[in-house]
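Working notes, beginning with the structure itself.
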There are 2 protein chains.
Amino acid sequence: MGRRSDHTRPQLSELILREGQAHLAQVGFAAFSAREVAKRVGYSIGTLYNVFGSYDGLMLAINGRTLTDWHDALAAALQAAPLDDPQARLHAAIRAYFDFATANRHVWTALYDFRLPPDAPMPADYAAKLAGLTGLVVAEVAAALPPARRDAAPALARSLLACVHGHCFFALNGTFALLGEDDPLGAALARVAEAIAAAQGPAA
Amino acid sequence: MGRRSDHTRPQLSELILREGQAHLAQVGFAAFSAREVAKRVGYSIGTLYNVFGSYDGLMLAINGRTLTDWHDALAAALQAAPLDDPQARLHAAIRAYFDFATANRHVWTALYDFRLPPDAPMPADYAAKLAGLTGLVVAEVAAALPPARRDAAPALARSLLACVHGHCFFALNGTFALLGEDDPLGAALARVAEAIAAAQGPAA
DNA sequence: GTATCAATTGAACGATGTCTAATAAATCAA
DNA sequence: TTGATTTATTAGACATCGTTCAATTGATAC
């Protein structure tokens, strides 16, 4: 065949990305296959390689799209949160974090299941998306700190991100269920509240 | 061939487990292959299936062994910690947590990269090992709490475990490096210290 | 209308997990 | 000791995977 006019290159890329993410959402990372994505979009496997270069390239692009979706979900939740209550905004962000991961378990999990080969450098645009996502949290953490301690926000935000990630990860992979924990989100919120409270008062 | 007397069944199981874990440590979960393990032990792939039933069975057994190794490392670190300083013991445990993960990145990462099919139940002995590992931490958290709050230890321990896991995970997968964090262990210790401190005083 | 070019294809390759019939070795019977 | 039975082990077949590439097809330019 060779349908050069069915889709432009950007259209084709978008189509593959959409179907790829949908396939990932359905079967999960372990069962994900580039060939299956090719079937879904009705192009041959070779065309997938023309557009994304490799399996890793495709997975990276799908994960990049997931990062964008996640960022948008967080931003939307923050837009709906009260401007004058930093604590409430932070909690809203964490709730949105959990909500996105829960509602999109497979694509969210794939963000961490997939790793490119040890030598391969992370594409700049992917790193930028990750930084952007982090930036949202840094801003909210900074707003929750007294002005004199705002410079500690980036480090604290990174740490709280890791803490929340751990809770979310254990919630989704069944560790918490196994250990009898039935309110992972509540636990994460409690830890974050303690850390923010600790950063209000003491050290110079 | 058919070397029925080269190894007894337990010996063969131990041999496969040892070489399997070594292979996993060398190539990582993504490149791990049961066939390669068969080559390493000098038996055919079929024999591997006789002993462990499936790829999943083999991975589960290897991860079980890793859990045991990890538990032993934590227990050893706790044995070397001062008996009368709960805070120091907790910090020693967290340090041991990081040390094990760092020194055994591939096998530690495989604990979370591998997941059995959604319907398959977790084997009881695997769940027991996980619970045992958690139990170590629960005991130390309990010791760090005032007697009146000891009943909160299990829930707090689960949460702190998740928090530490998140920091360790981000440290090993490069997220922290990307975000400019150069002391993941320090951050984890700080969060745990804050949580323990918060549990000393306030609520009834 | 023909030649050039680029996109698309599908067959081929090696490797993987999984299964099964054939084979070898060990055990037991006579 | 010999023969029959059981059991461990093997090698091959199968479907699928990521990857590559020569051939083909459609569009474009002359």
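Every chain in the structure tokens has a letter given in the order shown (A, B, ...), and although residue numbers restart at 1 in each chain, ligands are simply numbered from 1 in the order shown.
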Tell me which protein, DNA and RNA residues are within 12 Å of DA29 (chain D), counting only C-alpha atoms (C1' of nucleotides), leaving out same-chain ones fewer than 2 positions away, and put them as a count of residues only. 5
List the spatial neighbours of region 95-99 of chain B as a PyMOL selection string - criterion: any atom at most 9 Å away, only C-alpha atoms (C1' of nucleotides), same-chain residues fewer than 2 positions off excluded. chain B and resi 70+73-74+76-78+90-93+101-104+164-165+168+185+189
Interface rows for chain C against chain B: nearest pair, Å to one decimal, 8 Å, only C-alpha atoms (C1' of nucleotides), as CSV:
```
residue,atom,partner,partner_atom,distance
C:DT16,C1',B:Ser33,CA,7.5
C:DG17,C1',B:Tyr55,CA,7.1
C:DA24,C1',B:Gly2,CA,5.3
C:DA25,C1',B:Gly2,CA,6.3
C:DA26,C1',B:Arg4,CA,7.4
```
With N, CA, C and O atoms (P, O5', C5', C4', C3', O3' and C1' of nucleotides) retained, export the selected residues as a PDB file, in the first residue's frame.
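As a result, out-v2.pdb now contains:
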```
ATOM      1  P    DT C  16      17.523 -14.636  25.285  1.00  0.00           P
ATOM      2  O5'  DT C  16      15.977 -14.643  25.631  1.00  0.00           O
ATOM      3  C5'  DT C  16      15.298 -13.410  25.919  1.00  0.00           C
ATOM      4  C4'  DT C  16      13.808 -13.630  25.893  1.00  0.00           C
ATOM      5  C3'  DT C  16      13.350 -14.796  26.733  1.00  0.00           C
ATOM      6  O3'  DT C  16      12.983 -14.335  28.017  1.00  0.00           O
ATOM      7  C1'  DT C  16      12.210 -14.706  24.621  1.00  0.00           C
ATOM      8  P    DG C  17      12.792 -15.507  29.142  1.00  0.00           P
ATOM      9  O5'  DG C  17      11.268 -15.963  28.947  1.00  0.00           O
ATOM     10  C5'  DG C  17      10.225 -15.025  29.180  1.00  0.00           C
ATOM     11  C4'  DG C  17       8.868 -15.671  28.943  1.00  0.00           C
ATOM     12  C3'  DG C  17       8.546 -16.855  29.851  1.00  0.00           C
ATOM     13  O3'  DG C  17       7.149 -16.859  30.157  1.00  0.00           O
ATOM     14  C1'  DG C  17       8.592 -17.587  27.600  1.00  0.00           C
ATOM     15  P    DA C  24      19.053 -41.306  24.703  1.00  0.00           P
ATOM     16  O5'  DA C  24      19.672 -41.289  26.169  1.00  0.00           O
ATOM     17  C5'  DA C  24      20.073 -40.057  26.743  1.00  0.00           C
ATOM     18  C4'  DA C  24      19.751 -40.063  28.231  1.00  0.00           C
ATOM     19  C3'  DA C  24      20.344 -41.240  29.006  1.00  0.00           C
ATOM     20  O3'  DA C  24      21.476 -40.776  29.736  1.00  0.00           O
ATOM     21  C1'  DA C  24      18.076 -40.776  29.638  1.00  0.00           C
ATOM     22  P    DA C  25      22.410 -41.829  30.502  1.00  0.00           P
ATOM     23  O5'  DA C  25      21.781 -41.850  31.962  1.00  0.00           O
ATOM     24  C5'  DA C  25      21.590 -40.613  32.645  1.00  0.00           C
ATOM     25  C4'  DA C  25      20.711 -40.842  33.869  1.00  0.00           C
ATOM     26  C3'  DA C  25      21.224 -41.898  34.850  1.00  0.00           C
ATOM     27  O3'  DA C  25      21.177 -41.368  36.156  1.00  0.00           O
ATOM     28  C1'  DA C  25      18.977 -42.339  34.299  1.00  0.00           C
ATOM     29  P    DA C  26      22.110 -41.969  37.325  1.00  0.00           P
ATOM     30  O5'  DA C  26      21.048 -42.604  38.344  1.00  0.00           O
ATOM     31  C5'  DA C  26      20.108 -41.728  38.939  1.00  0.00           C
ATOM     32  C4'  DA C  26      18.856 -42.491  39.302  1.00  0.00           C
ATOM     33  C3'  DA C  26      19.065 -43.628  40.322  1.00  0.00           C
ATOM     34  O3'  DA C  26      18.401 -43.275  41.526  1.00  0.00           O
ATOM     35  C1'  DA C  26      17.598 -44.262  38.547  1.00  0.00           C
TER      36       DA C  26
END
```
Within 9 Å of Ala187 (chain B), counting only C-alpha atoms (C1' of nucleotides), which residues show up once you throw out same-chain ones fewer than 5 positions away? Write them as a list of chain:residue names, please. A:Ala155, A:Leu156, A:Arg158, A:Ser159, B:His167, B:Val192
Using only C-alpha atoms (C1' of nucleotides), find each residue in chain D having at least one atom no more than 8 Å away from chain A; report its shortest atom-to-atom pair and that distance in Å (one decimal), rows by chain then rising number, as a tab-separated table.
```
residue	atom	partner	partner_atom	distance
D:DC17	C1'	A:Ser33	CA	7.6
D:DG18	C1'	A:Tyr55	CA	7.0
D:DT25	C1'	A:Gly2	CA	5.5
D:DG26	C1'	A:Gly2	CA	6.2
D:DA27	C1'	A:Arg4	CA	7.4
```
Selection export as an mmCIF file, in the first residue's frame, atoms kept: N, CA and C atoms (P, O5', C5', C4', C3', O3' and C1' of nucleotides):
```cif
data_model
loop_
_atom_site.group_PDB
_atom_site.id
_atom_site.type_symbol
_atom_site.label_atom_id
_atom_site.label_comp_id
_atom_site.auth_asym_id
_atom_site.auth_seq_id
_atom_site.Cartn_x
_atom_site.Cartn_y
_atom_site.Cartn_z
ATOM 1 P P DC D 17 3.373 -9.523 20.550
ATOM 2 O "O5'" DC D 17 4.900 -9.078 20.756
ATOM 3 C "C5'" DC D 17 5.462 -9.165 22.046
ATOM 4 C "C4'" DC D 17 6.966 -9.015 21.968
ATOM 5 C "C3'" DC D 17 7.426 -7.841 21.106
ATOM 6 O "O3'" DC D 17 7.527 -6.678 21.913
ATOM 7 C "C1'" DC D 17 8.753 -9.811 20.719
ATOM 8 P P DG D 18 7.696 -5.246 21.175
ATOM 9 O "O5'" DG D 18 9.243 -5.190 20.784
ATOM 10 C "C5'" DG D 18 10.217 -5.110 21.815
ATOM 11 C "C4'" DG D 18 11.614 -5.065 21.221
ATOM 12 C "C3'" DG D 18 11.900 -3.838 20.362
ATOM 13 O "O3'" DG D 18 13.253 -3.429 20.568
ATOM 14 C "C1'" DG D 18 12.107 -5.787 19.039
ATOM 15 P P DT D 25 3.640 -2.880 -5.523
ATOM 16 O "O5'" DT D 25 2.782 -1.621 -5.034
ATOM 17 C "C5'" DT D 25 2.571 -1.416 -3.637
ATOM 18 C "C4'" DT D 25 2.647 0.057 -3.310
ATOM 19 C "C3'" DT D 25 1.938 0.959 -4.321
ATOM 20 O "O3'" DT D 25 0.792 1.523 -3.721
ATOM 21 C "C1'" DT D 25 4.042 1.854 -3.622
ATOM 22 P P DG D 26 -0.325 2.283 -4.597
ATOM 23 O "O5'" DG D 26 -0.058 3.820 -4.225
ATOM 24 C "C5'" DG D 26 -0.136 4.208 -2.873
ATOM 25 C "C4'" DG D 26 0.535 5.566 -2.699
ATOM 26 C "C3'" DG D 26 -0.066 6.679 -3.557
ATOM 27 O "O3'" DG D 26 -0.478 7.738 -2.711
ATOM 28 C "C1'" DG D 26 2.319 6.570 -3.821
ATOM 29 P P DA D 27 -1.259 9.005 -3.330
ATOM 30 O "O5'" DA D 27 -0.066 10.044 -3.533
ATOM 31 C "C5'" DA D 27 0.522 10.630 -2.391
ATOM 32 C "C4'" DA D 27 1.790 11.389 -2.779
ATOM 33 C "C3'" DA D 27 1.564 12.669 -3.596
ATOM 34 O "O3'" DA D 27 2.180 13.737 -2.926
ATOM 35 C "C1'" DA D 27 3.275 11.333 -4.561
#
```
Could the residues of chain A that have an atom at most 9 Å from chain B be listed as CSV, each with its closest atom pair and the distance in Å to one decimal, counting only C-alpha atoms and ordered by chain and ascending residue number?
```
residue,atom,partner,partner_atom,distance
A:Ala30,CA,B:Arg115,CA,8.6
A:Tyr112,CA,B:Asn173,CA,8.3
A:Asp113,CA,B:Asp113,CA,5.8
A:Phe114,CA,B:Ala30,CA,8.7
A:Arg115,CA,B:Asn173,CA,8.2
A:Ala127,CA,B:Leu178,CA,7.5
A:Leu130,CA,B:Leu179,CA,8.6
A:Ala131,CA,B:Leu179,CA,7.0
A:Thr134,CA,B:Leu179,CA,8.2
A:Pro154,CA,B:Leu179,CA,8.9
A:Ala155,CA,B:Glu181,CA,6.9
A:Leu156,CA,B:Ala187,CA,8.1
A:Arg158,CA,B:Leu179,CA,7.4
A:Ser159,CA,B:Ala187,CA,6.1
A:Leu160,CA,B:Arg191,CA,8.4
A:Leu161,CA,B:Gly166,CA,8.2
A:Ala162,CA,B:Gly166,CA,4.5
A:Cys163,CA,B:Cys163,CA,4.1
A:Val164,CA,B:Cys163,CA,6.9
A:His165,CA,B:Gly166,CA,5.6
A:Gly166,CA,B:Gly166,CA,3.9
A:His167,CA,B:Ala162,CA,5.1
A:Cys168,CA,B:Ala162,CA,8.4
A:Phe169,CA,B:Ala162,CA,8.0
A:Phe170,CA,B:Ala162,CA,6.6
A:Asn173,CA,B:Arg115,CA,8.2
A:Thr175,CA,B:Leu130,CA,8.7
A:Phe176,CA,B:Arg158,CA,7.5
A:Leu178,CA,B:Ala127,CA,7.5
A:Leu179,CA,B:Ala131,CA,7.0
A:Gly180,CA,B:Ala155,CA,8.5
A:Glu181,CA,B:Ala155,CA,6.9
A:Pro184,CA,B:Ser159,CA,7.8
A:Ala187,CA,B:Ser159,CA,6.1
A:Ala188,CA,B:Ser159,CA,7.3
A:Ala190,CA,B:Ala195,CA,8.9
A:Arg191,CA,B:Ala195,CA,6.6
A:Val192,CA,B:Arg191,CA,8.9
A:Glu194,CA,B:Ala195,CA,6.3
A:Ala195,CA,B:Glu194,CA,6.3
A:Ala198,CA,B:Glu194,CA,6.7
```
